[in-house]
>>> print(open('coords29.txt').read())   # compact mmCIF, C-alpha atoms
# COMPACT_ATOMS: atom_id res chain seq x y z
CA MET A 1 0.00 0.00 0.00
CA LYS A 2 1.28 3.48 -0.85
CA ILE A 3 0.60 6.15 1.76
CA LEU A 4 0.66 9.82 0.81
CA TYR A 5 1.83 11.68 3.91
CA LEU A 6 0.88 15.37 3.80
CA HIS A 7 2.86 17.79 5.91
CA GLY A 8 1.27 20.80 7.55
CA PHE A 9 1.63 24.55 7.08
CA ALA A 10 5.20 25.91 7.01
CA SER A 11 6.60 22.39 7.17
CA ALA A 12 8.88 20.46 4.84
CA VAL A 13 9.58 16.91 3.76
CA LYS A 14 12.20 15.37 6.05
CA LYS A 15 14.84 12.77 5.32
CA SER A 16 13.53 10.76 8.26
CA SER A 17 10.96 11.01 11.03
CA LYS A 18 9.35 8.84 13.69
CA LYS A 19 6.02 9.35 11.92
CA TYR A 20 7.40 8.04 8.62
CA ASP A 21 8.93 5.07 10.44
CA GLU A 22 5.61 4.14 12.06
CA LEU A 23 3.64 4.56 8.84
CA ARG A 24 6.14 2.31 7.04
CA LYS A 25 4.77 -0.54 9.19
CA ILE A 26 1.60 -0.18 7.10
CA GLY A 27 3.04 0.62 3.67
CA GLU A 28 5.39 2.70 1.57
CA VAL A 29 5.40 6.36 2.68
CA VAL A 30 5.47 9.06 0.02
CA PRO A 31 5.78 12.45 1.79
CA PHE A 32 4.67 15.75 0.29
CA ALA A 33 4.67 19.30 1.67
CA PRO A 34 2.21 21.49 -0.25
CA ASP A 35 2.88 25.22 -0.45
CA TYR A 36 -0.16 26.44 1.48
CA CYS A 37 0.77 30.07 0.71
CA GLN A 38 -0.52 29.50 -2.85
CA GLY A 39 -4.15 29.10 -1.78
CA PHE A 40 -6.63 26.24 -1.88
CA ASP A 41 -6.97 25.75 -5.65
CA GLN A 42 -3.22 25.53 -6.23
CA VAL A 43 -2.68 23.25 -3.21
CA MET A 44 -5.39 20.93 -4.55
CA ALA A 45 -3.92 20.92 -8.07
CA ASP A 46 -0.37 20.29 -6.84
CA THR A 47 -1.39 17.58 -4.38
CA LEU A 48 -3.69 15.79 -6.83
CA ALA A 49 -0.90 15.76 -9.44
CA PHE A 50 1.59 14.45 -6.88
CA ALA A 51 -0.84 11.73 -5.72
CA ALA A 52 -1.58 10.65 -9.29
CA ALA A 53 2.11 10.40 -10.17
CA GLY A 54 2.79 8.34 -7.03
CA ASP A 55 0.00 5.77 -7.42
CA ILE A 56 -1.28 6.57 -3.92
CA GLN A 57 -3.90 4.38 -2.20
CA VAL A 58 -4.40 6.11 1.18
CA ILE A 59 -3.62 9.48 2.77
CA VAL A 60 -2.36 10.55 6.20
CA GLY A 61 -1.77 14.18 7.11
CA THR A 62 -1.05 16.39 10.09
CA SER A 63 -2.51 19.84 10.73
CA MET A 64 -3.07 21.50 7.32
CA GLY A 65 -1.94 18.18 5.85
CA GLY A 66 -4.83 16.47 7.65
CA TYR A 67 -7.18 19.16 6.38
CA THR A 68 -5.86 18.73 2.83
CA ALA A 69 -6.17 14.95 3.17
CA SER A 70 -9.92 15.41 3.72
CA HIS A 71 -10.27 17.21 0.38
CA ILE A 72 -7.89 15.00 -1.62
CA ALA A 73 -9.51 11.84 -0.24
CA ALA A 74 -12.96 13.12 -1.26
CA ALA A 75 -11.70 13.94 -4.77
CA LEU A 76 -9.96 10.57 -5.20
CA LYS A 77 -12.43 8.50 -3.17
CA MET A 78 -9.82 7.01 -0.89
CA PRO A 79 -9.39 6.57 2.88
CA PHE A 80 -7.53 9.06 5.04
CA VAL A 81 -6.38 9.82 8.57
CA ALA A 82 -6.20 13.44 9.74
CA ILE A 83 -3.96 14.11 12.75
CA ASN A 84 -4.75 17.35 14.60
CA PRO A 85 -6.33 18.74 11.42
CA SER A 86 -7.23 22.33 10.80
CA ILE A 87 -11.03 22.40 10.55
CA THR A 88 -11.46 26.04 9.51
CA PRO A 89 -8.15 27.15 7.96
CA SER A 90 -9.69 30.41 6.75
CA GLN A 91 -9.73 31.29 10.46
CA THR A 92 -6.74 29.41 11.93
CA LEU A 93 -4.26 30.62 9.27
CA LYS A 94 -5.04 34.31 9.83
CA LYS A 95 -2.37 34.61 12.53
CA TYR A 96 0.28 33.60 9.96
CA VAL A 97 -0.51 36.30 7.39
CA GLY A 98 2.66 38.18 6.40
CA GLN A 99 6.29 37.19 6.02
CA HIS A 100 7.73 34.51 8.29
CA GLN A 101 10.14 31.58 8.32
CA ASN A 102 9.05 27.96 8.05
CA TYR A 103 10.33 25.08 10.19
CA ALA A 104 13.23 24.53 7.76
CA GLY A 105 14.30 28.19 8.00
CA SER A 106 13.07 29.32 4.56
CA SER A 107 11.07 32.53 4.19
CA TYR A 108 7.43 32.52 3.12
CA GLU A 109 4.66 35.06 2.70
CA LEU A 110 1.02 34.22 3.35
CA LYS A 111 -1.49 36.65 1.87
CA PRO A 112 -5.01 37.29 3.22
CA GLU A 113 -6.64 36.30 -0.09
CA HIS A 114 -4.97 32.89 0.08
CA VAL A 115 -6.11 32.36 3.67
CA GLY A 116 -9.66 33.23 2.65
CA SER A 117 -9.57 30.72 -0.22
CA TYR A 118 -9.69 27.68 2.09
CA PRO A 119 -13.12 26.09 2.68
CA ASP A 120 -13.76 24.07 5.82
CA PHE A 121 -12.65 20.48 6.42
CA ASN A 122 -14.33 18.13 3.92
CA THR A 123 -16.73 15.64 5.52
CA LEU A 124 -17.78 13.75 2.36
CA THR A 125 -15.34 10.93 3.10
CA LYS A 126 -15.37 9.52 6.64
CA GLY A 127 -11.71 9.74 7.48
CA LEU A 128 -10.39 8.98 10.94
CA ILE A 129 -9.53 12.08 12.95
CA ILE A 130 -6.87 11.83 15.64
CA VAL A 131 -6.58 14.69 18.08
CA SER A 132 -4.23 15.40 20.96
CA THR A 133 -5.79 17.18 23.92
CA LEU A 134 -2.34 18.77 24.34
CA ASP A 135 -2.41 20.39 20.87
CA GLU A 136 -1.07 23.89 21.42
CA VAL A 137 -2.10 25.23 17.98
CA ILE A 138 -5.65 23.99 17.27
CA PRO A 139 -7.90 23.56 20.32
CA ALA A 140 -8.79 19.87 20.68
CA LYS A 141 -12.25 20.73 22.03
CA ASP A 142 -13.12 22.48 18.75
CA THR A 143 -12.06 19.44 16.69
CA GLN A 144 -13.89 17.08 19.03
CA ALA A 145 -17.10 19.14 18.81
CA PHE A 146 -16.84 19.28 15.00
CA ALA A 147 -16.33 15.50 14.76
CA LYS A 148 -19.29 14.86 17.07
CA GLU A 149 -21.55 17.24 15.14
CA LYS A 150 -20.58 15.69 11.78
CA GLN A 151 -20.58 12.13 13.20
CA LEU A 152 -16.97 11.55 12.16
CA PRO A 153 -14.77 8.87 13.74
CA ILE A 154 -12.33 10.43 16.18
CA VAL A 155 -9.65 9.22 18.58
CA SER A 156 -8.72 11.66 21.36
CA CYS A 157 -5.37 11.26 23.13
CA ASP A 158 -3.97 12.88 26.24
CA TYR A 159 -0.41 12.78 24.91
CA GLY A 160 1.41 14.23 21.93
CA ASP A 161 1.36 17.82 20.76
CA HIS A 162 0.33 19.60 17.57
CA ARG A 163 2.93 17.93 15.35
CA PHE A 164 2.31 14.56 17.04
CA GLU A 165 5.64 13.03 16.01
CA ASP A 166 5.20 9.81 17.99
CA ILE A 167 2.16 8.01 16.59
CA SER A 168 3.41 4.57 17.68
CA PRO A 169 0.62 4.06 20.27
CA LEU A 170 -1.92 4.73 17.49
CA ILE A 171 -0.41 2.84 14.56
CA GLU A 172 -2.72 -0.17 14.96
CA GLN A 173 -5.85 2.02 14.90
CA ILE A 174 -4.48 3.94 11.91
CA ALA A 175 -3.69 0.69 10.08
CA GLU A 176 -7.12 -0.79 10.85
CA HIS A 177 -8.90 2.30 9.51
CA LEU A 178 -6.81 2.57 6.35
CA LEU A 179 -6.82 -1.15 5.55
CA ALA A 180 -10.55 -1.58 6.19
CA ALA A 181 -11.46 1.49 4.17
CA ASP A 182 -9.00 0.61 1.38
CA SER A 183 -10.47 -2.89 1.00
CA CYS A 184 -13.94 -1.34 0.66
CA SER A 185 -12.85 1.24 -1.93
CA GLY A 186 -10.49 -1.00 -3.92
>>> encode(input="coords29.txt", output="structure tokens")
Amino acid sequence: MKILYLHGFASAVKKSSKKYDELRKIGEVVPFAPDYCQGFDQVMADTLAFAAAGDIQVIVGTSMGGYTASHIAAALKMPFVAINPSITPSQTLKKYVGQHQNYAGSSYELKPEHVGSYPDFNTLTKGLIIVSTLDEVIPAKDTQAFAKEKQLPIVSCDYGDHRFEDISPLIEQIAEHLLAADSCSG
């Protein structure tokens, strides 16, 4: 199974990570870091093209990557897992408008019109949401309330942080969701 791993806002593909290592227990990991400063339409186009070229079967993403996974999965009709996803990026990205540096030290500029281009989390495909109650960026209670209202599967954890690097305690639940959903869609 090929897993598209989508990084979050201001992140970058890494040579190695604990998250990649855990996901490799399920399948081949193909990481991608969309340029979220380009707005929703361009992120969708770039990510769809990357997924098509990589023969992807399932998607996992963190933060904006989890959000993007919800939209890509709906477009491609495939299973996904969203870890600490942004639910309303048109709101949560506002604090990053302007020029800043990403986690790799490169400069970026996020414009208000690009922030406003992002619709809410896509609920057409029932992906698994994983949320840490210790998320310091996106309040877990907001994600939990959204999942409950939309009747989406959610796992809440009292460990981790926003980036949730160590997913080892959750890898079995992630694998079960992706494998069960992939067998239904494939």
>>> closest_residue(input="coords29.txt", among="A:Ala12, A:Val115, A:Met78, A:Ala73", to="Ser90 in chain A", atoms="all atoms listed in the file")
A:Val115
>>> closest_residue(input="coords29.txt", among="A:Ile174, A:Leu93, A:Val81, A:Val137", to="Leu152 in chain A", atoms="all atoms listed in the file")
A:Val81
>>> closest_residue(input="coords29.txt", among="A:Gly127, A:Gly160, A:Gly8, A:Gly116", to="Pro31 in chain A", atoms="all atoms listed in the file")
A:Gly8
>>> residues_around(input="coords29.txt", residues="Val60 in chain A", least_positions_apart="6", cutoff="10 Å", atoms="only C-alpha atoms", output="number ranges by chain")
A: 3-7, 23, 29, 31, 66-70, 73, 79-83, 127-129, 174, 178
>>> residues_near_point(input="coords29.txt", point="(8.3, 29.2, 6.6)", cutoff="9 Å", atoms="only C-alpha atoms", output="PDB file with C-alpha atoms, in the coordinates of the input")
ATOM      1  CA  PHE A   9       1.630  24.550   7.080  1.00  0.00           C
ATOM      2  CA  ALA A  10       5.200  25.910   7.010  1.00  0.00           C
ATOM      3  CA  SER A  11       6.600  22.390   7.170  1.00  0.00           C
ATOM      4  CA  ALA A  12       8.880  20.460   4.840  1.00  0.00           C
ATOM      5  CA  GLN A  99       6.290  37.190   6.020  1.00  0.00           C
ATOM      6  CA  HIS A 100       7.730  34.510   8.290  1.00  0.00           C
ATOM      7  CA  GLN A 101      10.140  31.580   8.320  1.00  0.00           C
ATOM      8  CA  ASN A 102       9.050  27.960   8.050  1.00  0.00           C
ATOM      9  CA  TYR A 103      10.330  25.080  10.190  1.00  0.00           C
ATOM     10  CA  ALA A 104      13.230  24.530   7.760  1.00  0.00           C
ATOM     11  CA  GLY A 105      14.300  28.190   8.000  1.00  0.00           C
ATOM     12  CA  SER A 106      13.070  29.320   4.560  1.00  0.00           C
ATOM     13  CA  SER A 107      11.070  32.530   4.190  1.00  0.00           C
ATOM     14  CA  TYR A 108       7.430  32.520   3.120  1.00  0.00           C
ATOM     15  CA  GLU A 109       4.660  35.060   2.700  1.00  0.00           C
TER      16      GLU A 109
END
>>> closest_residue(input="coords29.txt", among="A:Phe146, A:Phe164, A:Phe40, A:Tyr118", to="Lys94 in chain A", atoms="all atoms listed in the file")
A:Tyr118
>>> residues_around(input="coords29.txt", residues="Ala45 in chain A", least_positions_apart="6", cutoff="10 Å", atoms="only C-alpha atoms", output="ChimeraX atom specification")
/A:34,51,72
>>> closest_residue(input="coords29.txt", among="A:Ile87, A:Met1, A:Ala180, A:Ala53", to="Lys141 in chain A", atoms="all atoms listed in the file")
A:Ile87
>>> residues_around(input="coords29.txt", residues="Ser168 in chain A", least_positions_apart="2", cutoff="8 Å", atoms="all atoms listed in the file", output="short mmCIF file (atom, residue, chain, number, x, y, z; two decimals) with C-alpha atoms, keeping the file's coordinate frame")
data_model
loop_
_atom_site.label_atom_id
_atom_site.label_comp_id
_atom_site.auth_asym_id
_atom_site.auth_seq_id
_atom_site.Cartn_x
_atom_site.Cartn_y
_atom_site.Cartn_z
CA LYS A 19 6.02 9.35 11.92
CA GLU A 22 5.61 4.14 12.06
CA ASP A 166 5.20 9.81 17.99
CA LEU A 170 -1.92 4.73 17.49
CA ILE A 171 -0.41 2.84 14.56
#
>>> axis_aligned_box(input="coords29.txt", around="range 165-180 of chain A", padding_each_side="5 Å", output="lines of an AutoDock Vina configuration file")
center_x = -2.5
center_y = 5.7
center_z = 12.9
size_x = 26.2
size_y = 24.6
size_z = 24.7
>>> closest_residue(input="coords29.txt", among="A:His114, A:Glu165, A:Lys150, A:Glu176", to="Gln42 in chain A", atoms="only C-alpha atoms")
A:His114
>>> atom_distance(input="coords29.txt", atom1="CA of Ala33 in chain A", atom2="CA of Pro119 in chain A")
19.1 Å
>>> residues_near_point(input="coords29.txt", point="(-7.5, 21.3, 24.1)", cutoff="12 Å", atoms="all atoms listed in the file", output="list of chain:residue names")
A:Asn84, A:Val131, A:Ser132, A:Thr133, A:Leu134, A:Asp135, A:Glu136, A:Val137, A:Ile138, A:Pro139, A:Ala140, A:Lys141, A:Asp142, A:Thr143, A:Gln144, A:Ala145, A:Ser156, A:Cys157, A:Asp158, A:Tyr159, A:Gly160, A:Asp161, A:His162
>>> atom_distance(input="coords29.txt", atom1="CA of Ile154 in chain A", atom2="CA of Tyr36 in chain A")
24.9 Å
>>> atom_distance(input="coords29.txt", atom1="CA of Thr125 in chain A", atom2="CA of Phe50 in chain A")
20.0 Å
